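One structure is given below, encoded as structure tokens.
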Amino acid sequence: MKIVTSTSIDAYPLLSRGKVRDIYAVDESTLLIVTTDRMSAYDFMMSRPIPYKGVVLNQITLFWMDMFKDIMPNHIIESDASKFPAALAPWRDELDGRAVLVRRAKPLPIECIVRGYISGSGWKSYKKDCTICGHSLPAGLKESDKLEKAIFTPSTKAEFGQHDENISIERTAEIMGPELTAKVEELTLTIYERGREYAASRGIIVADTKFEFGLVDDTLYLIDEVLTPDSSRFWPAASYEPGHSQPSFDKQFLRDWLTSQPWDMKSEPPALPDEVVETTAARYQEAYKILTGRELGIN
């Protein structure tokens with residue numbers, strides 16, 4: 001497998017190049033999604049990739065989508081690069097392990113976020129008035145406390161460099177209708193509960209996560225990434241202790257390094273040293289191994 005920071009696949013039109021994913025139109029109903037090793041933090045792209053991060057994100061997503069396929073359909077058509085169209089053969093080394101062919105869905109206009117623990121922006125909101133996105137919570141909770149019941153806390157979708165806005169369920173219903181809102185709330189909570197129960201059996205706490213859903217001919221599909229270290233807060237259960245922030249299997253090590261540097265978070269970020277790149281890559285790969293019980297197979 002190759003380390004991939006960007007792709008230039010001229011066999012098909014490039015539709016978008018996001019923070020991590022390059023998306024191509026294979027035909028009117030099929031997309032090629034390539035998950036690269038690009039890394040962003042604090043709304044800036046880093047100058048160096050995190051080796052095989054894209055493979056980790058793609059493989060974890062495939063693992064979860066297979067687990068949840070009895071709950072709802074997902075958009076995956078093919079994940080084996082050797083079975084991709086012949087036109088993609090010249091890029092096989094770049095696509096192997098990190099690319100999928102998917103049904104072309106119309107994404108819902110909101111991020112479907114679920115919180116099982118109180119952390120991040122949820123903790124900031126709770127400290128103000130004991131609420132998160134319209135959900136009233138008991139007084140006296142500590143940072144990282146487990147919530148009695150997981151809560152659905154949707155947000156708007158912002159462009160890169162902008163911030164998503166947490167919104168209430170009532171506002172969500174205004175945006176996409178009460179029936180669809182109720183359906184995605186139920187699916188979000190159901191998928192999260194199964195996922196966090198499994199992760200707990202592997203020693204990982206899924207504190208919160210976000211899901212993406214899309215419509216194909218009025219049928220709702222699970223799309224994009226699912227329960228990855230980029231879309232979730234994964235905490236090691238062995239060291240869990242409420243009352244403060246928790247160590248995690250994601251880019252937190254990299255963020256902590258950035259905040260320790262003389263950087264104003266307005267100009268280009270400093271170049272990442274080898275230690276930060278290698279440690280961050282190791283944490284992503286460790287999350288994959290713990291969750292799936294498999295080796296990544298990148299050699």
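Ordering of the structure tokens sets the chain letters (A, B, ...), residue numbers begin anew at 1 in every chain, and ligands are numbered from 1 in the order given.
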
Members of segment 76-169 of chain A assigned alpha helix (DSSP H) by DSSP, as a PyMOL selection string:
chain A and resi 92-95+120-129+169

Let me make sure I understand: among A:Val216, A:Ile167, A:Leu137, A:Ile60, which one has the smallest atom-to-atom distance to Ser29 of chain A if we use only C-alpha atoms?
A:Val216

Restricting to only C-alpha atoms, whichever of A:Ile110, A:Ala139, A:Val55, A:Glu278 is closest to Arg171 of chain A is A:Ile110

Skipping near chain neighbours, those fewer than 3 positions away, what residues fall within 6 Å of Thr153 of chain A using only C-alpha atoms, listed as a list of chain:residue names?
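The neighbour list is A:Ile113, A:Val114, A:Cys133.
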
Counting only C-alpha atoms, the residue among A:Ser232, A:Thr172, A:Thr30, A:Ser239 that lies closest to Arg196 of chain A is A:Ser232

Using only C-alpha atoms, find the one residue out of A:Ser155, A:Thr36, A:Asn74, A:Thr5 that sits nearest to Thr219 of chain A.
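Smallest separation from Thr219 of chain A among the options: A:Asn74.
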
Name the residues in contact with Thr188 of chain A at a cut-off of 9 Å, using only C-alpha atoms, excluding same-chain residues fewer than 4 positions from it; report them as a list of chain:residue names.
A:Cys112, A:Ile113, A:Val114, A:Phe152, A:Lys183, A:Val184, A:Tyr192, A:Glu193, A:Lys210, A:Phe211

Store the residues picked out above, limited to C-alpha atoms, as a CSV table (one decimal), in the first residue's frame.
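See part13.csv below for the written result:
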chain,number,residue,atom,x,y,z
A,112,CYS,CA,-26.5,13.3,13.1
A,113,ILE,CA,-24.5,13.5,16.3
A,114,VAL,CA,-25.1,11.3,19.4
A,152,PHE,CA,-29.3,13.0,19.7
A,183,LYS,CA,-36.5,8.4,11.8
A,184,VAL,CA,-32.8,9.5,11.7
A,192,TYR,CA,-24.7,4.1,18.4
A,193,GLU,CA,-26.0,1.8,21.2
A,210,LYS,CA,-21.6,11.5,14.2
A,211,PHE,CA,-23.3,9.6,11.4

Measuring atom to atom with only C-alpha atoms, identify which of A:Ile290, A:Trp263, A:Asp256, A:Ile223 is nearest to Ala237 of chain A.
A:Ile290

If you count only C-alpha atoms, which residues fall within 9 Å of Leu57 of chain A, apart from same-chain ones fewer than 6 positions away, as a list in words?
Thr35, Arg98, Glu225, Val226, Leu227, Thr228, Pro229, Asp230, Tyr284 and Tyr288 of chain A

Neighbours of Leu272 of chain A within 10 Å (only C-alpha atoms; same-chain residues fewer than 2 positions away dropped), as a count of residues only?
15

Restricting the calculation to only C-alpha atoms: of A:Pro236, A:Gly120, A:Ala89, A:Gln252, which residue gets closest to Thr209 of chain A?
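The shortest atom-to-atom distance to Thr209 of chain A comes from A:Gly120.
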
Grab the atom CA of Thr190 of chain A to atom CA of Ala207 of chain A distance for me, in Å with one decimal place.
14.9 Å

Could you give me the residues within segment 112-189 of chain A that DSSP places in strand (DSSP E or B), as a list in words?
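Checking each residue of segment 112-189 of chain A, the strand (DSSP E or B) ones are Cys112, Ile113, Val114, Arg115, Gly116, Tyr117, Thr131, Ile132, His135, Ser136, Lys146, Leu147, Glu148, Lys149, Ala150, Ile151, Phe152, Ser155, Thr156 and Asn166 of chain A.
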
Selection: 9 Å around Ile9 of chain A, only C-alpha atoms, excl. self and same-chain fewer than 2 positions, as an MDAnalysis selection string
chainID A and resid 7 11:14 24 88 90:91

Please, could you write that set of residues out with C-alpha atoms as a tab-separated table (two decimals), in the first residue's frame?
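Final output, saved to selection-v8.tsv:
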chain	number	residue	atom	x	y	z
A	7	THR	CA	-5.21	11.63	-6.10
A	11	ALA	CA	-10.52	8.21	-15.73
A	12	TYR	CA	-13.47	9.95	-14.05
A	13	PRO	CA	-14.45	13.54	-13.15
A	14	LEU	CA	-13.36	14.78	-9.72
A	24	TYR	CA	-15.08	10.95	-8.30
A	88	LEU	CA	-9.09	2.32	-12.52
A	90	PRO	CA	-3.52	2.22	-13.32
A	91	TRP	CA	-4.28	3.54	-9.82

How far is it from atom CA of Met65 of chain A to atom CA of Leu222 of chain A, in Å with one decimal?
7.9 Å
